[in-house]
$ cat start.txt   # compact mmCIF, C-alpha atoms
# COMPACT_ATOMS: atom_id res chain seq x y z
CA MET B 1 11.32 -28.37 -29.10
CA TYR B 2 12.96 -28.63 -25.66
CA GLU B 3 14.00 -31.67 -23.70
CA THR B 4 12.84 -31.42 -20.09
CA THR B 5 14.56 -32.91 -17.07
CA VAL B 6 12.98 -32.60 -13.62
CA LEU B 7 15.60 -32.31 -10.88
CA THR B 8 14.35 -33.58 -7.52
CA MET B 9 15.94 -31.62 -4.70
CA PRO B 10 15.92 -32.26 -0.93
CA PRO B 11 12.78 -30.87 0.76
CA ASP B 12 12.90 -27.36 2.20
CA PHE B 13 10.82 -25.64 4.91
CA GLU B 14 7.68 -25.89 2.72
CA GLY B 15 8.12 -29.52 1.66
CA ASP B 16 9.03 -31.20 -1.63
CA VAL B 17 11.21 -29.24 -4.07
CA VAL B 18 11.98 -29.65 -7.77
CA ALA B 19 13.79 -27.62 -10.42
CA THR B 20 13.32 -28.00 -14.18
CA LEU B 21 16.14 -28.12 -16.73
CA LEU B 22 15.24 -27.41 -20.36
CA SER B 23 17.60 -28.05 -23.25
CA ARG B 24 17.95 -27.55 -26.99
CA ARG B 25 20.95 -29.06 -28.72
CA ALA B 26 23.13 -27.78 -31.53
CA GLY B 27 25.41 -30.83 -31.42
CA SER B 28 28.20 -28.89 -29.74
CA ARG B 29 30.74 -29.35 -26.96
CA ARG B 30 29.93 -25.76 -25.94
CA ALA B 31 26.91 -24.86 -23.83
CA VAL B 32 25.16 -21.99 -22.08
CA LEU B 33 22.94 -22.23 -18.99
CA TYR B 34 20.27 -19.55 -18.53
CA LEU B 35 19.02 -18.44 -15.09
CA HIS B 36 15.90 -16.26 -14.92
CA GLY B 37 14.92 -13.45 -12.56
CA PHE B 38 12.25 -12.85 -9.90
CA THR B 39 8.61 -13.34 -11.02
CA ASP B 40 10.02 -15.09 -14.04
CA TYR B 41 10.65 -18.35 -15.83
CA PHE B 42 12.25 -19.30 -19.14
CA PHE B 43 10.15 -18.27 -22.15
CA GLN B 44 12.70 -16.36 -24.26
CA ASP B 45 12.80 -18.76 -27.22
CA HIS B 46 14.64 -16.22 -29.36
CA LEU B 47 17.53 -16.32 -26.87
CA ALA B 48 17.74 -20.09 -27.29
CA ASP B 49 17.52 -19.63 -31.08
CA HIS B 50 20.46 -17.24 -31.02
CA TYR B 51 22.72 -19.65 -29.18
CA VAL B 52 21.65 -22.78 -31.07
CA ASP B 53 21.99 -21.02 -34.43
CA GLY B 54 25.49 -20.05 -33.34
CA GLY B 55 26.40 -23.66 -32.63
CA VAL B 56 26.02 -23.58 -28.84
CA ASP B 57 23.81 -26.02 -26.91
CA PHE B 58 21.26 -24.12 -24.85
CA TYR B 59 19.98 -24.97 -21.38
CA ALA B 60 17.60 -23.06 -19.12
CA LEU B 61 16.84 -23.76 -15.47
CA ASP B 62 13.46 -22.91 -13.96
CA LEU B 63 14.59 -22.57 -10.37
CA ARG B 64 12.65 -23.97 -7.43
CA LYS B 65 9.26 -22.32 -6.84
CA TYR B 66 9.26 -20.65 -10.26
CA GLY B 67 7.61 -21.46 -13.57
CA ARG B 68 7.54 -25.16 -14.41
CA SER B 69 9.02 -25.94 -10.98
CA LEU B 70 6.35 -24.29 -8.83
CA LEU B 71 4.43 -26.94 -6.88
CA PRO B 72 0.91 -26.46 -5.43
CA HIS B 73 2.06 -26.31 -1.80
CA GLN B 74 4.79 -23.73 -2.44
CA THR B 75 4.91 -19.95 -2.11
CA ALA B 76 6.13 -18.51 -5.41
CA GLY B 77 9.76 -17.45 -5.28
CA LEU B 78 10.12 -17.85 -1.51
CA VAL B 79 13.51 -18.88 -0.10
CA ARG B 80 15.31 -18.23 3.17
CA SER B 81 18.67 -17.77 1.41
CA VAL B 82 19.79 -17.55 -2.21
CA THR B 83 22.19 -20.41 -1.39
CA GLU B 84 19.12 -22.68 -1.50
CA TYR B 85 19.40 -22.43 -5.29
CA PHE B 86 22.96 -23.75 -5.34
CA PRO B 87 22.06 -27.48 -5.30
CA GLU B 88 19.96 -27.28 -8.46
CA ILE B 89 22.61 -25.19 -10.20
CA ASP B 90 25.20 -27.75 -9.10
CA GLU B 91 23.11 -30.56 -10.55
CA ALA B 92 22.35 -28.73 -13.79
CA VAL B 93 26.05 -27.98 -14.28
CA ARG B 94 26.96 -31.59 -13.52
CA ILE B 95 24.52 -32.82 -16.17
CA ILE B 96 25.69 -30.29 -18.76
CA ARG B 97 29.40 -30.89 -18.19
CA GLN B 98 29.01 -34.61 -18.86
CA ASP B 99 28.73 -33.78 -22.58
CA HIS B 100 30.40 -30.37 -22.82
CA ASP B 101 33.88 -28.96 -22.45
CA GLU B 102 32.81 -25.32 -22.14
CA LEU B 103 29.97 -23.71 -20.21
CA THR B 104 28.87 -20.10 -19.83
CA ILE B 105 26.12 -18.99 -17.48
CA ASN B 106 23.74 -16.33 -18.82
CA ALA B 107 21.68 -14.91 -15.96
CA HIS B 108 19.09 -12.16 -15.62
CA SER B 109 18.20 -9.90 -12.67
CA THR B 110 17.89 -12.05 -9.50
CA GLY B 111 19.57 -14.85 -11.45
CA GLY B 112 22.35 -12.32 -12.09
CA LEU B 113 22.83 -11.96 -8.33
CA ILE B 114 22.71 -15.70 -7.66
CA ALA B 115 25.12 -16.67 -10.46
CA PRO B 116 28.24 -14.75 -9.25
CA LEU B 117 27.69 -15.92 -5.67
CA TRP B 118 27.52 -19.50 -6.94
CA ALA B 119 30.56 -18.98 -9.20
CA ASP B 120 32.54 -17.53 -6.30
CA ARG B 121 31.74 -20.63 -4.28
CA VAL B 122 33.05 -23.02 -6.98
CA ARG B 123 36.04 -20.96 -8.15
CA GLY B 124 39.15 -22.94 -9.03
CA ARG B 125 37.14 -25.97 -10.19
CA GLY B 126 36.82 -25.03 -13.86
CA LEU B 127 33.08 -25.73 -13.95
CA VAL B 128 32.23 -22.60 -15.94
CA GLN B 129 34.29 -20.50 -18.31
CA GLY B 130 32.37 -17.21 -18.09
CA LEU B 131 29.33 -15.32 -16.81
CA VAL B 132 26.98 -13.07 -18.78
CA LEU B 133 24.84 -11.01 -16.40
CA ASN B 134 21.81 -9.23 -17.87
CA SER B 135 20.69 -6.36 -15.57
CA PRO B 136 21.84 -8.17 -12.41
CA PHE B 137 20.03 -7.42 -9.15
CA PHE B 138 23.03 -5.94 -7.36
CA ASP B 139 21.11 -3.42 -5.22
CA LEU B 140 17.61 -2.28 -4.25
CA ASN B 141 16.15 0.47 -6.41
CA VAL B 142 13.95 1.89 -3.65
CA SER B 143 13.67 5.02 -1.52
CA PHE B 144 15.92 5.43 1.52
CA PRO B 145 13.15 4.58 4.06
CA LEU B 146 12.38 1.31 2.27
CA ARG B 147 16.08 0.49 2.01
CA LEU B 148 16.49 1.14 5.74
CA ALA B 149 13.49 -1.08 6.48
CA ALA B 150 14.95 -3.87 4.34
CA ASP B 151 18.27 -3.66 6.15
CA LEU B 152 16.51 -3.93 9.51
CA LEU B 153 15.04 -7.33 8.62
CA LYS B 154 17.21 -9.16 11.12
CA THR B 155 14.44 -10.08 13.56
CA PRO B 156 12.28 -13.24 13.54
CA LEU B 157 9.98 -11.40 11.13
CA SER B 158 12.56 -11.90 8.42
CA TYR B 159 12.26 -15.66 8.83
CA THR B 160 8.51 -15.78 8.27
CA SER B 161 6.63 -16.01 4.99
CA ARG B 162 4.61 -12.89 5.75
CA PRO B 163 4.06 -10.65 2.69
CA LEU B 164 5.25 -7.08 3.09
CA PRO B 165 2.73 -4.22 2.68
CA VAL B 166 4.30 -2.81 -0.49
CA GLY B 167 2.40 -1.64 -3.53
CA VAL B 168 2.14 -3.79 -6.64
CA SER B 169 2.86 -2.19 -10.01
CA THR B 170 1.84 -3.75 -13.30
CA THR B 171 3.81 -1.25 -15.40
CA TYR B 172 6.73 -3.52 -16.25
CA GLY B 173 4.43 -6.41 -17.10
CA GLN B 174 2.32 -4.14 -19.29
CA SER B 175 5.43 -2.99 -21.14
CA LEU B 176 6.25 -6.62 -22.01
CA HIS B 177 3.07 -8.59 -22.67
CA ARG B 178 1.45 -8.43 -26.09
CA ASP B 179 -2.04 -8.15 -24.56
CA HIS B 180 -0.99 -4.71 -23.29
CA HIS B 181 1.86 -2.58 -24.69
CA GLY B 182 4.52 -5.22 -25.40
CA GLU B 183 5.33 -7.83 -28.04
CA TRP B 184 5.87 -10.93 -25.93
CA ASP B 185 3.52 -13.82 -25.22
CA TYR B 186 4.08 -15.71 -21.97
CA ASP B 187 2.04 -17.41 -19.27
CA LEU B 188 0.57 -14.77 -16.96
CA GLU B 189 -0.03 -17.43 -14.31
CA LEU B 190 3.71 -18.08 -14.15
CA LYS B 191 4.75 -14.44 -14.66
CA PRO B 192 1.91 -12.21 -13.39
CA LEU B 193 1.73 -8.62 -14.60
CA GLY B 194 2.03 -7.34 -11.03
CA GLY B 195 4.75 -9.76 -9.99
CA PHE B 196 4.90 -12.04 -6.96
CA PHE B 197 4.25 -10.81 -3.45
CA VAL B 198 7.40 -9.58 -1.72
CA HIS B 199 7.90 -11.49 1.52
CA SER B 200 10.07 -10.38 4.42
CA MET B 201 11.96 -13.69 4.32
CA TRP B 202 12.79 -13.27 0.63
CA LEU B 203 13.82 -9.62 0.99
CA ALA B 204 16.11 -10.44 3.92
CA ALA B 205 17.73 -13.19 1.82
CA ILE B 206 18.27 -10.79 -1.09
CA ARG B 207 19.84 -8.14 1.12
CA ARG B 208 22.23 -10.66 2.67
CA ALA B 209 23.25 -11.77 -0.82
CA GLN B 210 23.73 -8.18 -1.98
CA ARG B 211 25.83 -7.31 1.06
CA ARG B 212 27.99 -10.36 0.36
CA LEU B 213 28.53 -9.17 -3.21
CA HIS B 214 29.19 -5.58 -2.09
CA ALA B 215 31.92 -6.84 0.23
CA GLY B 216 33.68 -8.27 -2.83
CA LEU B 217 33.70 -11.63 -4.59
CA SER B 218 36.61 -13.31 -6.36
CA VAL B 219 34.93 -14.92 -9.36
CA ASP B 220 37.84 -16.33 -11.37
CA VAL B 221 36.34 -16.33 -14.89
CA PRO B 222 35.60 -13.43 -17.27
CA VAL B 223 32.31 -11.66 -16.58
CA LEU B 224 30.19 -9.56 -18.94
CA ILE B 225 27.71 -7.25 -17.22
CA LEU B 226 25.02 -5.69 -19.40
CA SER B 227 22.55 -3.03 -18.33
CA SER B 228 20.39 -0.35 -19.85
CA ALA B 229 21.95 3.05 -20.40
CA ALA B 230 19.06 4.66 -18.51
CA GLY B 231 16.82 3.99 -15.55
CA LEU B 232 13.32 5.37 -15.08
CA ARG B 233 10.90 5.41 -12.15
CA VAL B 234 7.26 5.41 -13.21
CA ARG B 235 4.01 4.47 -11.50
CA ASP B 236 1.93 4.09 -14.66
CA PHE B 237 2.82 3.01 -18.17
CA VAL B 238 4.43 5.62 -20.41
CA PRO B 239 6.09 4.96 -23.80
CA GLU B 240 9.50 5.68 -22.25
CA ALA B 241 9.07 2.52 -20.16
CA GLN B 242 9.99 0.53 -23.28
CA SER B 243 13.43 2.11 -23.65
CA ALA B 244 14.74 2.21 -20.06
CA ASP B 245 15.10 -0.05 -17.02
CA ILE B 246 12.06 0.65 -14.84
CA VAL B 247 12.92 -2.10 -12.33
CA LEU B 248 16.57 -1.50 -11.36
CA ASP B 249 18.92 1.49 -11.46
CA PRO B 250 21.71 0.92 -14.03
CA ARG B 251 23.97 3.26 -12.07
CA GLN B 252 23.85 0.86 -9.13
CA ILE B 253 24.68 -2.05 -11.42
CA ALA B 254 27.71 -0.17 -12.76
CA ARG B 255 28.76 0.81 -9.24
CA TRP B 256 28.90 -2.77 -8.00
CA ALA B 257 30.08 -4.42 -11.23
CA THR B 258 33.72 -4.66 -10.22
CA SER B 259 32.79 -6.27 -6.91
CA VAL B 260 32.17 -9.51 -8.81
CA GLY B 261 35.79 -10.29 -9.55
CA PRO B 262 39.02 -9.09 -11.17
CA HIS B 263 37.97 -9.49 -14.81
CA VAL B 264 34.74 -7.64 -15.59
CA THR B 265 33.49 -5.99 -18.78
CA CYS B 266 30.56 -3.59 -18.31
CA VAL B 267 28.40 -2.52 -21.27
CA ARG B 268 25.49 -0.05 -21.15
CA ILE B 269 22.82 -0.53 -23.83
CA THR B 270 20.99 2.55 -25.11
CA GLY B 271 17.26 1.90 -25.34
CA GLY B 272 17.46 -1.31 -23.32
CA ILE B 273 14.75 -2.37 -20.86
CA HIS B 274 15.20 -4.38 -17.68
CA ASP B 275 15.37 -7.76 -19.43
CA LEU B 276 17.62 -6.60 -22.23
CA VAL B 277 16.80 -9.52 -24.53
CA LEU B 278 13.13 -8.42 -24.43
CA SER B 279 13.99 -4.93 -25.67
CA SER B 280 12.89 -3.70 -29.11
CA GLU B 281 14.40 -5.65 -31.99
CA PRO B 282 17.23 -3.22 -32.89
CA VAL B 283 18.27 -3.05 -29.24
CA ARG B 284 18.24 -6.79 -28.62
CA LYS B 285 20.29 -7.28 -31.79
CA GLN B 286 22.90 -5.03 -30.20
CA VAL B 287 22.68 -7.06 -26.98
CA PHE B 288 23.32 -10.29 -28.89
CA ALA B 289 26.18 -8.64 -30.80
CA GLU B 290 27.82 -7.55 -27.52
CA ILE B 291 27.48 -11.06 -26.09
CA ASP B 292 28.94 -12.60 -29.25
CA ARG B 293 31.87 -10.15 -29.35
CA TRP B 294 32.70 -10.70 -25.69
CA THR B 295 32.38 -14.48 -26.05
CA ALA B 296 34.70 -14.55 -29.07
CA ALA B 297 37.24 -12.33 -27.36
CA TYR B 298 37.35 -13.98 -23.94
CA ILE B 299 35.82 -17.44 -23.99
CA GLY B 300 36.99 -18.09 -27.55
CA ALA B 301 40.49 -16.87 -26.74
CA VAL B 302 40.74 -19.28 -23.83
CA ARG B 303 39.48 -22.06 -26.08
CA ARG B 304 42.09 -21.29 -28.75
CA GLY B 305 44.96 -20.96 -26.31
CA PRO B 306 47.10 -18.28 -24.61
CA ALA B 307 48.71 -17.09 -27.86
CA HIS B 308 45.41 -15.65 -29.07
CA VAL B 309 44.99 -13.69 -25.87
CA ALA B 310 48.50 -12.31 -26.24
CA ASP B 311 47.80 -11.31 -29.85
CA GLY B 312 45.44 -8.60 -28.68
CA VAL B 313 41.94 -10.00 -29.02
CA ARG B 314 40.87 -8.62 -25.63
CA PRO B 315 38.21 -5.89 -25.71
CA HIS B 316 38.44 -2.96 -23.37
CA GLY B 317 36.32 -3.19 -20.24
CA TYR B 318 36.25 -2.27 -16.60
CA GLN B 319 38.91 -4.14 -14.69
CA GLY B 320 37.92 -4.87 -11.11
CA LYS B 321 40.17 -5.25 -8.12
CA GLU B 322 40.23 -8.69 -6.60
CA ASN B 323 38.61 -8.43 -3.20
CA ASN B 324 38.91 -11.06 -0.52
CA PRO B 325 36.38 -10.29 2.20
$ encode --input "start.txt" --output "structure tokens"
Amino acid sequence: MYETTVLTMPPDFEGDVVATLLSRRAGSRRAVLYLHGFTDYFFQDHLADHYVDGGVDFYALDLRKYGRSLLPHQTAGLVRSVTEYFPEIDEAVRIIRQDHDELTINAHSTGGLIAPLWADRVRGRGLVQGLVLNSPFFDLNVSFPLRLAADLLKTPLSYTSRPLPVGVSTTYGQSLHRDHHGEWDYDLELKPLGGFFVHSMWLAAIRRAQRRLHAGLSVDVPVLILSSAAGLRVRDFVPEAQSADIVLDPRQIARWATSVGPHVTCVRITGGIHDLVLSSEPVRKQVFAEIDRWTAAYIGAVRRGPAHVADGVRPHGYQGKENNP
């Protein structure tokens, strides 16, 4: 069903590194590249179906130390900086652009933090034509003491692989997996119900990346940011967990949306969960409809030429100020 390409990367502090690029073709010059979140890997076949059925070639990248790319000697998800992901994104984009004239990145959660930082780095090169960010990890949804502790990770502790003594919740996993309260079947070895351990090194890397975004990026392509309309904090599973984001706070996502660049559209999805494309069927249909409408209006307008933009095909969205930190 998918073609698989293993990308061999230079070794990191734990040794050998690979990333895994999956692809399904529609015979198109247009493509999308999917980037997953934390404690995640690509398993959303219905997302690939949507793009391929719409005539867009679909690619997904299992980043280093996740999913199909996790090697026996590695600590799941552990990096010193999110910039360590840039080489495999560079290589995936190089491969895709050999056969495609147009590329959009669709990224979820931690992938939604990595993607705009990468796009800001390569701005002006025309490598991608747009970003779709699904519940991007723009801030920590934690109490003030935990936030303060995270921001103090500037000592040698933050450069060790020591797990932090934080509780593990299985609520989100239970809301997704069909063996519990959800409808989805995926590998619980690759995406455990309770998530990966949170390490001080990883948390310090995430906070540096978030501070960089908060200071203001200048991503030079249109960006669609999607989030749930509601957030919810729960310790144990409740039915409401399947109609709200129980991982991130959508208000924080909206707050930082215009820090990505000057051309941002922000859409809140009623009934959406953290990974919006794993929401209930009526909700995910709305998510796909929003992506299609935005793509036709912005990416399609660029493809058809400036006259179509001038003719009023632009949807209304939040317009960010260009920030140059």
$ atom_distance --input "start.txt" --atom1 "atom CA of B:Pro222" --atom2 "atom CA of B:Ile114"
16.2 Å
$ closest_residue --input "start.txt" --among "B:Leu278, B:Leu224, B:Leu103, B:Leu203" --to "B:Val82" --atoms "all atoms listed in the file"
B:Leu203
$ atom_distance --input "start.txt" --atom1 "atom CA of B:Leu248" --atom2 "atom CA of B:Asp275"
10.3 Å
$ closest_atom_pairs --input "start.txt" --of "stretch 195-291 of chain B" --to "stretch 130-135 of chain B" --cutoff "8 Å" --atoms "only C-alpha atoms" --output "JSON lines"
{"residue": "B:Val221", "atom": "CA", "partner": "B:Gly130", "partner_atom": "CA", "distance": 5.2}
{"residue": "B:Pro222", "atom": "CA", "partner": "B:Gly130", "partner_atom": "CA", "distance": 5.0}
{"residue": "B:Val223", "atom": "CA", "partner": "B:Leu131", "partner_atom": "CA", "distance": 4.7}
{"residue": "B:Leu224", "atom": "CA", "partner": "B:Val132", "partner_atom": "CA", "distance": 4.8}
{"residue": "B:Ile225", "atom": "CA", "partner": "B:Leu133", "partner_atom": "CA", "distance": 4.8}
{"residue": "B:Leu226", "atom": "CA", "partner": "B:Asn134", "partner_atom": "CA", "distance": 5.0}
{"residue": "B:Ser227", "atom": "CA", "partner": "B:Ser135", "partner_atom": "CA", "distance": 4.7}
{"residue": "B:Ser228", "atom": "CA", "partner": "B:Ser135", "partner_atom": "CA", "distance": 7.4}
{"residue": "B:Leu248", "atom": "CA", "partner": "B:Ser135", "partner_atom": "CA", "distance": 7.6}
{"residue": "B:Pro250", "atom": "CA", "partner": "B:Ser135", "partner_atom": "CA", "distance": 7.5}
{"residue": "B:Ile253", "atom": "CA", "partner": "B:Ser135", "partner_atom": "CA", "distance": 7.2}
{"residue": "B:His274", "atom": "CA", "partner": "B:Ser135", "partner_atom": "CA", "distance": 6.2}
{"residue": "B:Asp275", "atom": "CA", "partner": "B:Ser135", "partner_atom": "CA", "distance": 6.7}
{"residue": "B:Leu276", "atom": "CA", "partner": "B:Asn134", "partner_atom": "CA", "distance": 6.6}
{"residue": "B:Ile291", "atom": "CA", "partner": "B:Val132", "partner_atom": "CA", "distance": 7.6}
$ residues_around --input "start.txt" --residues "B:Gln210" --least-positions-apart "3" --cutoff "6 Å" --atoms "all atoms listed in the file" --output "compact mmCIF listing (two decimals) with C-alpha atoms, in the coordinates of the input"
# COMPACT_ATOMS: atom_id res chain seq x y z
CA PHE B 138 23.03 -5.94 -7.36
CA ARG B 207 19.84 -8.14 1.12
CA LEU B 213 28.53 -9.17 -3.21
$ decode --input "start.txt" --residues "stretch 195-206 of chain B" --atoms "N, CA and C atoms" --output "PDB file, in the first residue's frame"
ATOM      1  N   GLY B 195       1.935   7.153  26.707  1.00  0.00           N
ATOM      2  CA  GLY B 195       2.933   8.025  26.107  1.00  0.00           C
ATOM      3  C   GLY B 195       4.357   7.625  26.447  1.00  0.00           C
ATOM      4  N   PHE B 196       5.309   8.350  25.890  1.00  0.00           N
ATOM      5  CA  PHE B 196       6.720   8.154  26.199  1.00  0.00           C
ATOM      6  C   PHE B 196       7.056   8.874  27.508  1.00  0.00           C
ATOM      7  N   PHE B 197       8.151   8.447  28.134  1.00  0.00           N
ATOM      8  CA  PHE B 197       8.656   9.204  29.270  1.00  0.00           C
ATOM      9  C   PHE B 197       9.074  10.600  28.804  1.00  0.00           C
ATOM     10  N   VAL B 198       8.823  11.591  29.666  1.00  0.00           N
ATOM     11  CA  VAL B 198       9.279  12.953  29.395  1.00  0.00           C
ATOM     12  C   VAL B 198      10.648  13.121  30.029  1.00  0.00           C
ATOM     13  N   HIS B 199      11.642  13.438  29.202  1.00  0.00           N
ATOM     14  CA  HIS B 199      13.012  13.602  29.670  1.00  0.00           C
ATOM     15  C   HIS B 199      13.355  15.089  29.754  1.00  0.00           C
ATOM     16  N   SER B 200      14.226  15.426  30.683  1.00  0.00           N
ATOM     17  CA  SER B 200      14.607  16.822  30.857  1.00  0.00           C
ATOM     18  C   SER B 200      15.221  17.392  29.584  1.00  0.00           C
ATOM     19  N   MET B 201      16.023  16.597  28.893  1.00  0.00           N
ATOM     20  CA  MET B 201      16.652  17.050  27.652  1.00  0.00           C
ATOM     21  C   MET B 201      15.600  17.408  26.609  1.00  0.00           C
ATOM     22  N   TRP B 202      14.605  16.538  26.459  1.00  0.00           N
ATOM     23  CA  TRP B 202      13.547  16.778  25.480  1.00  0.00           C
ATOM     24  C   TRP B 202      12.733  18.015  25.846  1.00  0.00           C
ATOM     25  N   LEU B 203      12.357  18.145  27.120  1.00  0.00           N
ATOM     26  CA  LEU B 203      11.545  19.276  27.543  1.00  0.00           C
ATOM     27  C   LEU B 203      12.288  20.594  27.348  1.00  0.00           C
ATOM     28  N   ALA B 204      13.591  20.601  27.652  1.00  0.00           N
ATOM     29  CA  ALA B 204      14.384  21.810  27.429  1.00  0.00           C
ATOM     30  C   ALA B 204      14.410  22.164  25.946  1.00  0.00           C
ATOM     31  N   ALA B 205      14.523  21.156  25.073  1.00  0.00           N
ATOM     32  CA  ALA B 205      14.526  21.402  23.627  1.00  0.00           C
ATOM     33  C   ALA B 205      13.194  21.983  23.167  1.00  0.00           C
ATOM     34  N   ILE B 206      12.092  21.447  23.699  1.00  0.00           N
ATOM     35  CA  ILE B 206      10.770  21.947  23.328  1.00  0.00           C
ATOM     36  C   ILE B 206      10.587  23.388  23.774  1.00  0.00           C
TER      37      ILE B 206
END
